[in-house]
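Next comes final_0.txt, a file with compact mmCIF, C-alpha atoms.
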# COMPACT_ATOMS: atom_id res chain seq x y z
CA MET A 1 17.39 -45.10 -26.76
CA ILE A 2 20.76 -43.88 -28.07
CA THR A 3 20.59 -41.03 -30.67
CA ARG A 4 23.41 -41.13 -33.21
CA LYS A 5 25.01 -37.96 -34.49
CA ARG A 6 27.09 -38.13 -37.65
CA LEU A 7 27.85 -34.43 -37.86
CA ALA A 8 31.36 -34.93 -36.51
CA ALA A 9 32.13 -37.51 -39.17
CA GLY A 10 30.91 -35.19 -41.90
CA VAL A 11 33.00 -32.29 -40.61
CA CYS A 12 36.09 -34.50 -40.43
CA GLY A 13 35.53 -35.63 -44.00
CA LEU A 14 35.18 -32.02 -45.19
CA LEU A 15 38.38 -30.98 -43.41
CA ALA A 16 40.24 -33.93 -44.91
CA THR A 17 39.07 -32.96 -48.41
CA LEU A 18 40.17 -29.34 -47.90
CA ALA A 19 43.53 -30.51 -46.62
CA VAL A 20 44.18 -32.60 -49.73
CA GLY A 21 43.17 -29.76 -52.02
CA LEU A 22 44.95 -26.89 -50.28
CA PHE A 23 48.19 -28.46 -49.08
CA PRO A 24 50.93 -30.32 -50.94
CA SER A 25 51.10 -34.08 -50.67
CA GLY A 26 53.86 -33.96 -48.08
CA ALA A 27 51.82 -31.72 -45.80
CA ALA A 28 48.80 -33.97 -46.27
CA ALA A 29 50.90 -36.96 -45.31
CA ASP A 30 52.10 -35.16 -42.20
CA ALA A 31 48.50 -34.34 -41.31
CA ALA A 32 47.53 -37.96 -41.78
CA ASP A 33 50.31 -39.04 -39.43
CA ALA A 34 49.23 -36.53 -36.82
CA GLU A 35 47.53 -37.69 -33.65
CA PRO A 36 43.73 -38.08 -34.09
CA SER A 37 41.43 -35.49 -32.63
CA SER A 38 41.31 -35.79 -28.89
CA GLY A 39 37.95 -36.91 -27.59
CA PRO A 40 36.58 -39.32 -25.03
CA ALA A 41 37.72 -42.82 -26.01
CA PRO A 42 34.94 -45.42 -26.27
CA LYS A 43 35.34 -48.47 -24.02
CA VAL A 44 34.22 -52.04 -24.62
CA ASP A 45 34.50 -55.05 -22.29
CA LEU A 46 33.98 -58.45 -23.91
CA VAL A 47 32.63 -60.87 -21.29
CA LEU A 48 33.14 -64.50 -22.32
CA ASP A 49 31.53 -67.56 -20.74
CA VAL A 50 34.20 -70.25 -20.15
CA SER A 51 32.01 -72.58 -18.10
CA GLY A 52 32.12 -76.35 -18.52
CA SER A 53 29.21 -76.41 -20.97
CA MET A 54 31.38 -74.57 -23.52
CA ARG A 55 32.98 -77.97 -24.27
CA THR A 56 29.85 -79.00 -26.18
CA ARG A 57 30.57 -79.58 -29.87
CA ASP A 58 27.61 -78.15 -31.75
CA ILE A 59 28.89 -75.07 -33.61
CA ASP A 60 30.15 -75.77 -37.12
CA GLY A 61 31.51 -79.16 -36.06
CA GLN A 62 33.65 -77.77 -33.25
CA SER A 63 33.23 -76.94 -29.57
CA ARG A 64 31.59 -73.72 -28.48
CA MET A 65 34.87 -72.66 -26.90
CA ALA A 66 36.81 -73.23 -30.14
CA ALA A 67 34.21 -71.25 -32.07
CA ALA A 68 34.45 -68.40 -29.53
CA LYS A 69 38.27 -68.34 -29.77
CA GLN A 70 38.14 -68.23 -33.56
CA ALA A 71 35.58 -65.42 -33.48
CA PHE A 72 37.64 -63.47 -30.92
CA ASN A 73 40.75 -63.65 -33.12
CA GLU A 74 38.79 -62.18 -36.02
CA VAL A 75 37.23 -59.51 -33.81
CA LEU A 76 40.58 -58.47 -32.28
CA ASP A 77 42.06 -57.99 -35.77
CA ALA A 78 39.26 -55.55 -36.66
CA VAL A 79 38.98 -53.42 -33.48
CA PRO A 80 39.10 -49.68 -34.38
CA GLU A 81 42.23 -47.94 -33.07
CA GLU A 82 40.27 -45.47 -30.95
CA VAL A 83 38.44 -48.18 -29.00
CA ARG A 84 39.74 -49.14 -25.55
CA LEU A 85 38.97 -52.86 -25.30
CA GLY A 86 39.14 -55.36 -22.47
CA ILE A 87 38.24 -59.02 -21.94
CA ARG A 88 36.63 -60.53 -18.85
CA THR A 89 35.89 -64.21 -18.26
CA LEU A 90 33.37 -66.09 -16.14
CA GLY A 91 33.74 -69.72 -15.11
CA ALA A 92 37.33 -69.95 -16.38
CA ASN A 93 39.29 -70.90 -13.26
CA TYR A 94 37.42 -72.90 -10.60
CA PRO A 95 36.67 -76.53 -11.62
CA GLY A 96 35.20 -77.72 -8.31
CA GLU A 97 31.71 -78.30 -6.96
CA ASP A 98 31.70 -75.63 -4.24
CA ARG A 99 28.94 -73.31 -5.42
CA LYS A 100 30.10 -70.44 -3.25
CA LEU A 101 33.55 -70.47 -4.87
CA GLY A 102 32.19 -71.18 -8.35
CA CYS A 103 29.95 -68.12 -8.20
CA LYS A 104 32.95 -65.87 -7.56
CA ASP A 105 34.81 -67.17 -10.61
CA THR A 106 35.14 -64.07 -12.77
CA ARG A 107 38.30 -62.15 -13.59
CA GLN A 108 39.67 -59.59 -15.98
CA LEU A 109 41.67 -61.49 -18.58
CA TYR A 110 42.85 -58.40 -20.48
CA PRO A 111 42.52 -54.87 -19.00
CA VAL A 112 40.42 -52.23 -20.73
CA GLY A 113 42.84 -49.97 -22.59
CA PRO A 114 44.83 -49.59 -25.82
CA LEU A 115 44.77 -52.97 -27.55
CA ASP A 116 47.85 -55.13 -28.02
CA ARG A 117 46.35 -57.63 -30.46
CA THR A 118 49.03 -60.27 -30.02
CA GLU A 119 48.85 -60.17 -26.25
CA ALA A 120 45.05 -60.28 -26.24
CA LYS A 121 44.96 -63.25 -28.65
CA THR A 122 47.51 -65.11 -26.53
CA ALA A 123 45.41 -64.57 -23.41
CA VAL A 124 42.27 -65.89 -25.15
CA GLY A 125 44.19 -68.88 -26.50
CA THR A 126 44.95 -70.12 -22.98
CA LEU A 127 41.26 -70.46 -22.02
CA ALA A 128 39.68 -73.87 -21.42
CA PRO A 129 36.07 -74.62 -20.37
CA THR A 130 36.11 -75.07 -16.61
CA GLY A 131 33.40 -74.09 -14.15
CA TRP A 132 30.18 -72.31 -13.30
CA THR A 133 28.20 -69.51 -15.01
CA PRO A 134 28.23 -66.46 -12.67
CA ILE A 135 26.76 -63.93 -15.11
CA GLY A 136 25.59 -61.48 -12.41
CA PRO A 137 29.03 -61.15 -10.72
CA ALA A 138 30.69 -60.90 -14.15
CA LEU A 139 28.46 -57.97 -15.15
CA LEU A 140 29.28 -56.19 -11.89
CA GLY A 141 32.97 -56.74 -12.52
CA ALA A 142 32.71 -55.53 -16.12
CA ALA A 143 30.94 -52.35 -14.98
CA GLU A 144 33.91 -51.68 -12.69
CA ASP A 145 36.33 -52.41 -15.55
CA LEU A 146 34.69 -49.60 -17.56
CA GLU A 147 34.63 -46.94 -14.84
CA GLY A 148 36.01 -43.49 -15.61
CA GLY A 149 36.02 -41.32 -18.69
CA ASP A 150 33.25 -39.67 -20.67
CA GLY A 151 33.24 -41.94 -23.73
CA THR A 152 30.63 -44.54 -24.59
CA ARG A 153 30.76 -47.75 -22.57
CA ARG A 154 29.55 -51.13 -23.74
CA ILE A 155 29.58 -54.67 -22.34
CA VAL A 156 29.26 -57.53 -24.83
CA LEU A 157 28.28 -60.75 -23.05
CA ILE A 158 28.79 -64.07 -24.89
CA THR A 159 27.35 -67.13 -23.12
CA ASP A 160 25.84 -70.53 -23.88
CA GLY A 161 23.47 -70.68 -20.94
CA GLU A 162 21.68 -68.92 -18.15
CA ASP A 163 23.21 -67.83 -14.86
CA THR A 164 23.80 -70.64 -12.33
CA CYS A 165 24.39 -68.39 -9.31
CA ALA A 166 20.91 -67.30 -8.21
CA PRO A 167 19.60 -65.52 -6.17
CA LEU A 168 21.87 -62.82 -7.66
CA ASP A 169 19.62 -62.27 -10.69
CA PRO A 170 21.68 -60.89 -13.62
CA CYS A 171 18.60 -59.10 -14.93
CA GLU A 172 18.30 -57.20 -11.64
CA VAL A 173 22.05 -56.50 -11.79
CA ALA A 174 21.56 -54.95 -15.24
CA ARG A 175 18.68 -52.81 -13.96
CA ASP A 176 20.80 -51.61 -11.05
CA ILE A 177 23.60 -50.68 -13.45
CA ALA A 178 21.12 -48.76 -15.63
CA ALA A 179 19.64 -47.00 -12.60
CA LYS A 180 23.04 -45.51 -11.76
CA GLY A 181 22.72 -43.27 -14.81
CA ILE A 182 26.20 -44.13 -16.14
CA HIS A 183 24.84 -44.89 -19.65
CA LEU A 184 26.47 -48.29 -19.92
CA VAL A 185 24.92 -50.53 -22.57
CA ILE A 186 24.93 -54.33 -22.29
CA ASP A 187 24.54 -56.42 -25.45
CA THR A 188 24.06 -60.16 -25.10
CA LEU A 189 24.77 -63.04 -27.48
CA GLY A 190 23.39 -66.53 -26.83
CA LEU A 191 25.11 -69.57 -28.30
CA VAL A 192 22.19 -71.85 -27.40
CA PRO A 193 18.74 -70.61 -28.51
CA ASP A 194 16.69 -72.22 -25.72
CA ALA A 195 13.74 -70.21 -24.39
CA LYS A 196 14.95 -69.84 -20.79
CA THR A 197 18.38 -68.51 -21.77
CA ARG A 198 16.83 -66.23 -24.38
CA ARG A 199 14.45 -64.69 -21.82
CA GLN A 200 17.26 -63.97 -19.36
CA LEU A 201 19.65 -62.52 -21.95
CA THR A 202 16.88 -60.43 -23.49
CA CYS A 203 15.99 -59.01 -20.08
CA ILE A 204 19.65 -58.11 -19.40
CA ALA A 205 19.96 -56.31 -22.73
CA GLU A 206 16.64 -54.45 -22.55
CA ALA A 207 17.40 -53.15 -19.05
CA THR A 208 20.25 -51.03 -20.44
CA GLY A 209 19.01 -50.31 -23.97
CA GLY A 210 21.14 -53.05 -25.51
CA THR A 211 20.37 -55.88 -27.90
CA TYR A 212 20.07 -59.66 -27.73
CA THR A 213 21.27 -61.88 -30.58
CA SER A 214 21.06 -65.65 -30.98
CA VAL A 215 24.06 -67.06 -32.88
CA ARG A 216 24.60 -70.60 -34.15
CA HIS A 217 27.65 -70.22 -36.39
CA THR A 218 31.17 -68.88 -35.92
CA ASP A 219 30.88 -66.27 -38.65
CA GLU A 220 27.65 -64.98 -37.09
CA LEU A 221 29.41 -64.62 -33.73
CA SER A 222 32.46 -62.79 -35.06
CA GLY A 223 30.34 -60.57 -37.31
CA ARG A 224 27.94 -59.53 -34.57
CA VAL A 225 30.66 -58.86 -31.97
CA SER A 226 32.64 -56.79 -34.51
CA GLN A 227 29.48 -54.83 -35.31
CA LEU A 228 28.89 -54.04 -31.64
CA VAL A 229 32.51 -52.98 -31.11
CA ASP A 230 32.29 -50.70 -34.15
CA ARG A 231 29.03 -49.27 -32.83
CA ALA A 232 30.79 -48.20 -29.64
CA ALA A 233 33.12 -46.06 -31.75
CA ASP A 234 30.27 -44.26 -33.55
CA PRO A 235 29.62 -40.66 -32.43
CA VAL A 236 26.61 -40.58 -30.12
CA VAL A 237 24.83 -38.13 -27.90
CA THR A 238 25.34 -39.14 -24.28
CA PRO A 239 22.08 -38.61 -22.35
CA VAL A 240 22.25 -36.48 -19.22
CA ALA A 241 20.86 -38.04 -16.08
CA THR A 242 18.18 -35.88 -14.45
CA GLU A 243 15.46 -36.32 -11.86
CA GLY A 244 11.97 -34.99 -12.45
CA ALA A 245 9.98 -33.47 -9.61
CA ALA A 246 6.52 -34.17 -8.22
CA GLN A 247 5.35 -30.66 -9.24
CA CYS A 248 6.36 -28.02 -11.74
CA THR A 249 7.62 -25.49 -9.19
CA ASP A 250 10.34 -27.92 -8.09
CA ALA A 251 11.11 -29.29 -11.55
CA PRO A 252 14.64 -29.20 -13.06
CA GLN A 253 15.28 -26.64 -15.80
CA LEU A 254 16.14 -28.41 -19.06
CA ARG A 255 17.98 -27.06 -22.08
CA PRO A 256 17.91 -28.64 -25.56
CA GLY A 257 19.41 -32.10 -25.28
CA LEU A 258 18.78 -35.72 -24.36
CA TYR A 259 17.93 -36.70 -20.77
CA THR A 260 17.32 -39.93 -18.86
CA ASP A 261 15.30 -40.55 -15.74
CA ARG A 262 13.42 -43.33 -13.93
CA GLU A 263 9.67 -43.25 -13.29
CA GLU A 264 7.90 -45.45 -10.77
CA PHE A 265 4.61 -47.14 -11.64
CA GLY A 266 1.78 -44.60 -11.42
CA GLU A 267 4.18 -41.69 -10.88
CA HIS A 268 4.10 -38.24 -12.53
CA ARG A 269 7.38 -36.47 -13.37
CA TRP A 270 7.69 -32.73 -14.07
CA TYR A 271 10.36 -30.77 -15.96
CA ARG A 272 10.63 -27.13 -17.07
CA VAL A 273 11.76 -25.58 -20.35
CA ASP A 274 12.07 -21.87 -21.24
CA VAL A 275 10.65 -21.14 -24.72
CA PRO A 276 11.67 -17.73 -26.18
CA PRO A 277 9.31 -15.87 -28.53
CA GLY A 278 9.65 -16.98 -32.13
CA ARG A 279 10.90 -20.45 -31.12
CA GLU A 280 9.14 -23.80 -31.17
CA LEU A 281 9.49 -26.38 -28.42
CA ARG A 282 9.72 -29.95 -29.66
CA ALA A 283 9.70 -32.59 -26.98
CA SER A 284 9.43 -36.36 -27.06
CA VAL A 285 9.49 -39.03 -24.39
CA SER A 286 10.14 -42.77 -24.53
CA ILE A 287 9.51 -45.23 -21.71
CA ALA A 288 10.99 -48.73 -21.88
CA ALA A 289 9.24 -51.77 -20.45
CA ASP A 290 12.41 -53.39 -19.12
CA ARG A 291 10.47 -56.04 -17.18
CA ALA A 292 7.26 -58.03 -17.47
CA VAL A 293 4.29 -55.63 -17.48
CA ASP A 294 0.56 -56.07 -17.90
CA ASP A 295 -1.06 -55.51 -21.27
CA ASP A 296 -2.76 -52.21 -22.11
CA TYR A 297 -0.59 -49.32 -21.03
CA GLY A 298 0.11 -45.80 -22.19
CA VAL A 299 2.34 -42.77 -21.93
CA LEU A 300 1.30 -39.10 -21.74
CA LEU A 301 3.40 -35.98 -22.32
CA ARG A 302 1.74 -32.64 -21.46
CA ALA A 303 2.91 -29.06 -21.90
CA VAL A 304 1.35 -26.83 -19.22
CA THR A 305 1.73 -23.18 -18.26
CA VAL A 306 3.10 -22.31 -14.82
CA HIS A 307 -0.50 -21.42 -13.88
CA GLY A 308 -1.73 -24.93 -14.70
CA ARG A 309 -3.40 -24.37 -18.07
CA GLU A 310 -2.76 -27.18 -20.52
CA ILE A 311 -1.23 -26.00 -23.79
CA VAL A 312 -0.84 -29.19 -25.81
CA ARG A 313 -0.39 -32.90 -25.19
CA GLY A 314 0.86 -36.06 -26.84
CA ALA A 315 -0.25 -39.58 -25.92
CA GLU A 316 0.32 -43.13 -27.08
CA ALA A 317 -1.00 -46.52 -26.01
CA GLY A 318 0.41 -50.06 -26.20
CA ASN A 319 -0.81 -53.59 -25.67
CA GLY A 320 2.25 -55.50 -24.50
CA ARG A 321 3.71 -56.22 -27.94
CA THR A 322 6.41 -53.56 -27.80
CA ASP A 323 9.35 -52.88 -25.50
CA VAL A 324 9.35 -49.08 -25.88
CA ILE A 325 6.43 -46.65 -26.15
CA SER A 326 6.94 -43.05 -27.24
CA THR A 327 5.04 -39.84 -27.85
CA GLY A 328 5.84 -36.19 -28.51
CA LEU A 329 4.49 -32.68 -28.89
CA ARG A 330 5.18 -29.30 -30.52
CA TYR A 331 4.55 -25.87 -29.02
CA PRO A 332 5.39 -22.74 -31.06
CA LYS A 333 5.80 -19.50 -29.15
CA PRO A 334 4.64 -16.60 -31.39
CA PRO A 335 7.15 -13.77 -31.93
CA LEU A 336 6.53 -10.47 -30.14
CA ASP A 337 5.33 -7.48 -32.11
CA ASP A 338 7.04 -5.11 -29.73
CA GLU A 339 10.23 -6.12 -28.00
CA ASP A 340 8.87 -6.61 -24.50
CA ASP A 341 11.78 -7.98 -22.55
CA ASP A 342 12.70 -9.05 -19.06
CA GLY A 343 15.13 -6.21 -18.40
CA THR A 344 18.12 -7.86 -20.07
CA GLY A 345 17.44 -6.60 -23.57
CA GLU A 346 16.21 -10.01 -24.69
CA PRO A 347 12.58 -11.02 -25.30
CA ALA A 348 11.12 -12.68 -22.23
CA ALA A 349 10.87 -16.47 -22.51
CA GLU A 350 7.84 -18.44 -21.39
CA THR A 351 8.40 -21.18 -18.86
CA VAL A 352 6.65 -24.34 -20.02
CA CYS A 353 6.07 -27.23 -17.61
CA LEU A 354 6.35 -30.72 -19.11
CA GLU A 355 4.58 -33.58 -17.35
CA VAL A 356 5.48 -37.20 -18.10
CA SER A 357 3.10 -39.86 -16.83
CA SER A 358 2.35 -43.45 -17.74
CA SER A 359 -0.22 -46.15 -17.01
CA PHE A 360 2.01 -49.20 -16.61
CA SER A 361 1.16 -51.97 -14.16
CA ALA A 362 2.84 -55.28 -13.41
CA PRO A 363 2.14 -58.59 -11.69
CA ASP A 364 2.80 -58.73 -7.94
CA ALA A 365 5.88 -60.93 -8.47
CA VAL A 366 7.62 -58.24 -10.55
CA LYS A 367 9.90 -55.79 -8.74
CA LYS A 368 8.67 -52.21 -9.00
CA THR A 369 12.04 -50.57 -8.27
CA PRO A 370 13.99 -49.07 -9.83
CA GLY A 371 11.40 -47.32 -11.95
CA LEU A 372 11.00 -47.74 -15.69
CA PRO A 373 13.68 -46.08 -17.88
CA VAL A 374 12.59 -42.72 -19.32
CA GLU A 375 14.36 -40.88 -22.15
CA LEU A 376 13.32 -37.27 -22.79
CA ALA A 377 14.45 -35.31 -25.87
CA ILE A 378 14.17 -31.50 -25.86
CA ASP A 379 14.78 -29.18 -28.80
CA LEU A 380 14.09 -25.52 -29.58
CA VAL A 381 13.86 -24.62 -33.27
CA GLU A 382 12.79 -21.61 -35.30
CA GLY A 383 9.03 -21.16 -35.00
CA PRO A 384 6.76 -21.70 -38.04
CA ASP A 385 6.12 -18.65 -40.18
CA GLU A 386 4.03 -20.24 -42.93
CA ALA A 387 0.25 -20.42 -42.78
CA SER A 388 0.48 -23.97 -44.14
CA ASP A 389 2.10 -25.11 -40.92
CA VAL A 390 -0.84 -25.91 -38.63
CA ALA A 391 1.38 -25.43 -35.60
CA ALA A 392 1.41 -21.72 -36.37
CA PHE A 393 -2.30 -21.63 -35.60
CA GLY A 394 -2.11 -23.79 -32.53
CA LEU A 395 -3.95 -26.80 -33.97
CA GLY A 396 -4.79 -29.10 -31.10
CA ARG A 397 -5.64 -26.42 -28.54
CA GLY A 398 -7.95 -23.43 -28.02
CA TRP A 399 -10.73 -22.27 -30.40
CA TRP A 400 -9.00 -23.28 -33.63
CA PRO A 401 -9.87 -27.03 -33.58
CA LEU A 402 -13.46 -26.15 -32.59
CA ALA A 403 -13.79 -23.84 -35.59
CA VAL A 404 -12.37 -26.49 -37.91
CA LEU A 405 -14.74 -29.13 -36.55
CA ALA A 406 -17.75 -26.79 -36.81
CA LEU A 407 -16.97 -25.91 -40.42
CA ALA A 408 -16.36 -29.55 -41.33
CA GLY A 409 -19.68 -30.52 -39.70
CA LEU A 410 -21.56 -27.80 -41.57
CA LEU A 411 -20.14 -28.81 -44.96
CA THR A 412 -20.78 -32.50 -44.26
CA GLY A 413 -24.39 -31.77 -43.27
CA LEU A 414 -25.06 -29.72 -46.41
CA LEU A 415 -23.52 -32.37 -48.65
CA TRP A 416 -25.45 -35.18 -46.98
CA GLY A 417 -28.73 -33.23 -47.24
CA TRP A 418 -28.22 -32.59 -50.96
CA ILE A 419 -27.44 -36.29 -51.60
CA SER A 420 -30.55 -37.38 -49.65
CA ARG A 421 -32.84 -35.02 -51.57
CA TRP A 422 -31.40 -36.21 -54.88
CA ARG A 423 -31.93 -39.87 -53.97
CA VAL A 424 -35.58 -39.17 -52.98
CA ALA A 425 -36.18 -37.33 -56.22
CA VAL A 426 -34.75 -40.20 -58.27
CA TRP A 427 -36.82 -42.76 -56.34
CA ARG A 428 -40.07 -40.84 -56.97
CA THR A 429 -39.25 -40.48 -60.64
CA HIS A 430 -38.85 -44.23 -61.04
Show me, as structure tokens, the structure contained in the file I just sent.
Amino acid sequence: MITRKRLAAGVCGLLATLAVGLFPSGAAADAADAEPSSGPAPKVDLVLDVSGSMRTRDIDGQSRMAAAKQAFNEVLDAVPEEVRLGIRTLGANYPGEDRKLGCKDTRQLYPVGPLDRTEAKTAVGTLAPTGWTPIGPALLGAAEDLEGGDGTRRIVLITDGEDTCAPLDPCEVARDIAAKGIHLVIDTLGLVPDAKTRRQLTCIAEATGGTYTSVRHTDELSGRVSQLVDRAADPVVTPVATEGAAQCTDAPQLRPGLYTDREEFGEHRWYRVDVPPGRELRASVSIAADRAVDDDYGVLLRAVTVHGREIVRGAEAGNGRTDVISTGLRYPKPPLDDEDDDGTGEPAAETVCLEVSSSFSAPDAVKKTPGLPVELAIDLVEGPDEASDVAAFGLGRGWWPLAVLALAGLLTGLLWGWISRWRVAVWRTH
């Protein structure tokens, strides 16, 4: 799950407004001409199917290839300046019947980098539907095209059919790419909405947190590709790859942020967070079902002390109708009355162990490795100081929920007894 942050955009807008108000127009013009703020450049690789089936004329009265070329021209005109864009083809060069050669037919048509729109359009204009559909090898090649740098990375795959180069399953390729922890997202667009192609392209996208879209018209294709390219340029929080342990004592220490991991079926993963007095731990976990799983599953997130006492938990269940299942918890650490500290002059923090477990299962034919994608969000905020905030009283743990339940039961019993006596009295009267 990618979490978007628009704080940077807001700050930039504020600075621009101050610049216009405080500096003369000439200075503002100079500032506008200045080089944009240096940051990791987002990268996008457009992967286009140029196999023989792209000759079919069923998109707005023209061939699929012609529709793709028209859409690409519109997309290339609208690519944001900060995006480093490349184009890779599959099935564009080998016209023969040798399957071994046809399944190697993928190449980088335009290298990932600063975009020369004229050069890129010229390269696309030379394409003609030719050969096979090696989607798996093309995804591997695109992942190599996008190597290096700290910016967002996105592959946009446009195809009119499923892969023809099994046993290299493109869905397994996508899972392997995701398991590397490089945070590369694959979005897929299908030009033919048949069920088999849709299942494969959906699996590829879900394995990396991407999206699948079925398109039947040229304007839909250009609009969706442009949207995905623009999305790559949006400020995002890049998750940090981590690896949970089998027990709390060996667990990695996490700070506020977004983390990714992989959890095998039936596995328990442990992490640790230090919660200072007066702060509240907020944690959430999401597990994606990136492959076929059995119905009826669940996810559990527990906060436990280092001595094994459960503090609070969050749980959620699913029935096979959703691709992602999430839950979360809150744990406020009360402030200290006297400044007991750990010798550093700061109040001593409590180490909280977080356990992530799930109850997924899958048919025997489904591969169990790599594990299911896990995304863990950690935050530490100011603790509650209002009595109206139930977290301040620890609702959900200890004696407090028992007292609430006992009081509610007593009041309910008294009310029900009074109603019963009144009904009996009315019945005897009549």
Please identify all polymer residues within 9 Å of Arg255 in chain A, counting all atoms listed in the file, omitting same-chain residues fewer than 5 positions from it, and present them as a PDB file with C-alpha atoms, keeping the file's coordinate frame.
ATOM      1  CA  ARG A 272      10.630 -27.130 -17.070  1.00  0.00           C
ATOM      2  CA  VAL A 273      11.760 -25.580 -20.350  1.00  0.00           C
ATOM      3  CA  ASP A 274      12.070 -21.870 -21.240  1.00  0.00           C
ATOM      4  CA  ILE A 378      14.170 -31.500 -25.860  1.00  0.00           C
ATOM      5  CA  ASP A 379      14.780 -29.180 -28.800  1.00  0.00           C
ATOM      6  CA  LEU A 380      14.090 -25.520 -29.580  1.00  0.00           C
TER       7      LEU A 380
END
What are the closest atom pairs, with distances in Å to one decimal, for each residue of range 269-308 of chain A lying within 10 Å of range 188-208 of chain A, using only C-alpha atoms, rows by chain and rising residue number, as a Markdown table?
| residue | atom | partner | partner_atom | distance |
| --- | --- | --- | --- | --- |
| A:Ala288 | CA | A:Glu206 | CA | 8.1 |
| A:Ala289 | CA | A:Glu206 | CA | 8.1 |
| A:Asp290 | CA | A:Ala207 | CA | 5.0 |
| A:Arg291 | CA | A:Cys203 | CA | 6.9 |
| A:Ala292 | CA | A:Cys203 | CA | 9.2 |
Legend entry - Residue nearest Gly52 in chain A - candidates A:Glu97, A:Glu316, A:Glu172, A:Asp230, atoms counted: only C-alpha atoms: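 That would be A:Glu97, the residue with the smallest distance to Gly52 in chain A.
Note that the spacing between CA of Ala66 in chain A and CA of Ala143 in chain A amounts to 26.5 Å.
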Inset, instruction - Could you pull out every residue with an atom within 12 Å of (13.6, -50.2, -8.3), file coordinates, counting all atoms listed in the file, and send them as number ranges by chain? - result: A: 172-180, 207, 262-265, 290-291, 366-373
Inset, instruction - Using CA of Gly278 in chain A and CA of Ala349 in chain A as the two end points, give the distance in Å to one decimal. - result: 9.7 Å
Legend entry - Test item: residues at most 8 Å from range 125-130 of chain A, all atoms listed in the file, excluding those fewer than 4 positions along its chain, as number ranges by chain: A: 50-55, 65, 69, 91-95, 121
Legend entry - Selected residue, from A:Leu48, A:Leu254, A:Cys248, A:Leu281, that lies nearest to Val381 in chain A when counting all atoms listed in the file: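 Looking only at the distances to Val381 in chain A, the closest residue turns out to be A:Leu281.
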Legend entry - Pick from A:Thr351, A:Thr260, A:Thr159, A:Thr164, whichever lies nearest to Ser214 in chain A using all atoms listed in the file: A:Thr159
Legend entry - Interatomic distance (Å, one decimal) between CA of Leu300 in chain A and CA of Ser357 in chain A: 5.3 Å
Legend entry - 9 Å contact set for Gly223 in chain A, only C-alpha atoms, chain neighbours under 3 positions out, as JSON, numbers by chain: {"A": [71, 74, 75, 218, 219, 220, 226, 227, 228]}
Inset, instruction - Can you pull out every residue within 8 Å of Leu329 in chain A, counting only C-alpha atoms, but drop anything in the same chain fewer than 6 positions away, and send it as a PyMOL selection string? - result: chain A and resi 282-284+301-302+312-314
Inset, instruction - Identify which of the residues A:Val374, A:Cys353, A:Cys103, A:Ala138 lies closest to Val240 in chain A, counting only C-alpha atoms when measuring atom-to-atom distances. - result: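 Of all the options, A:Val374 lies closest to Val240 in chain A.
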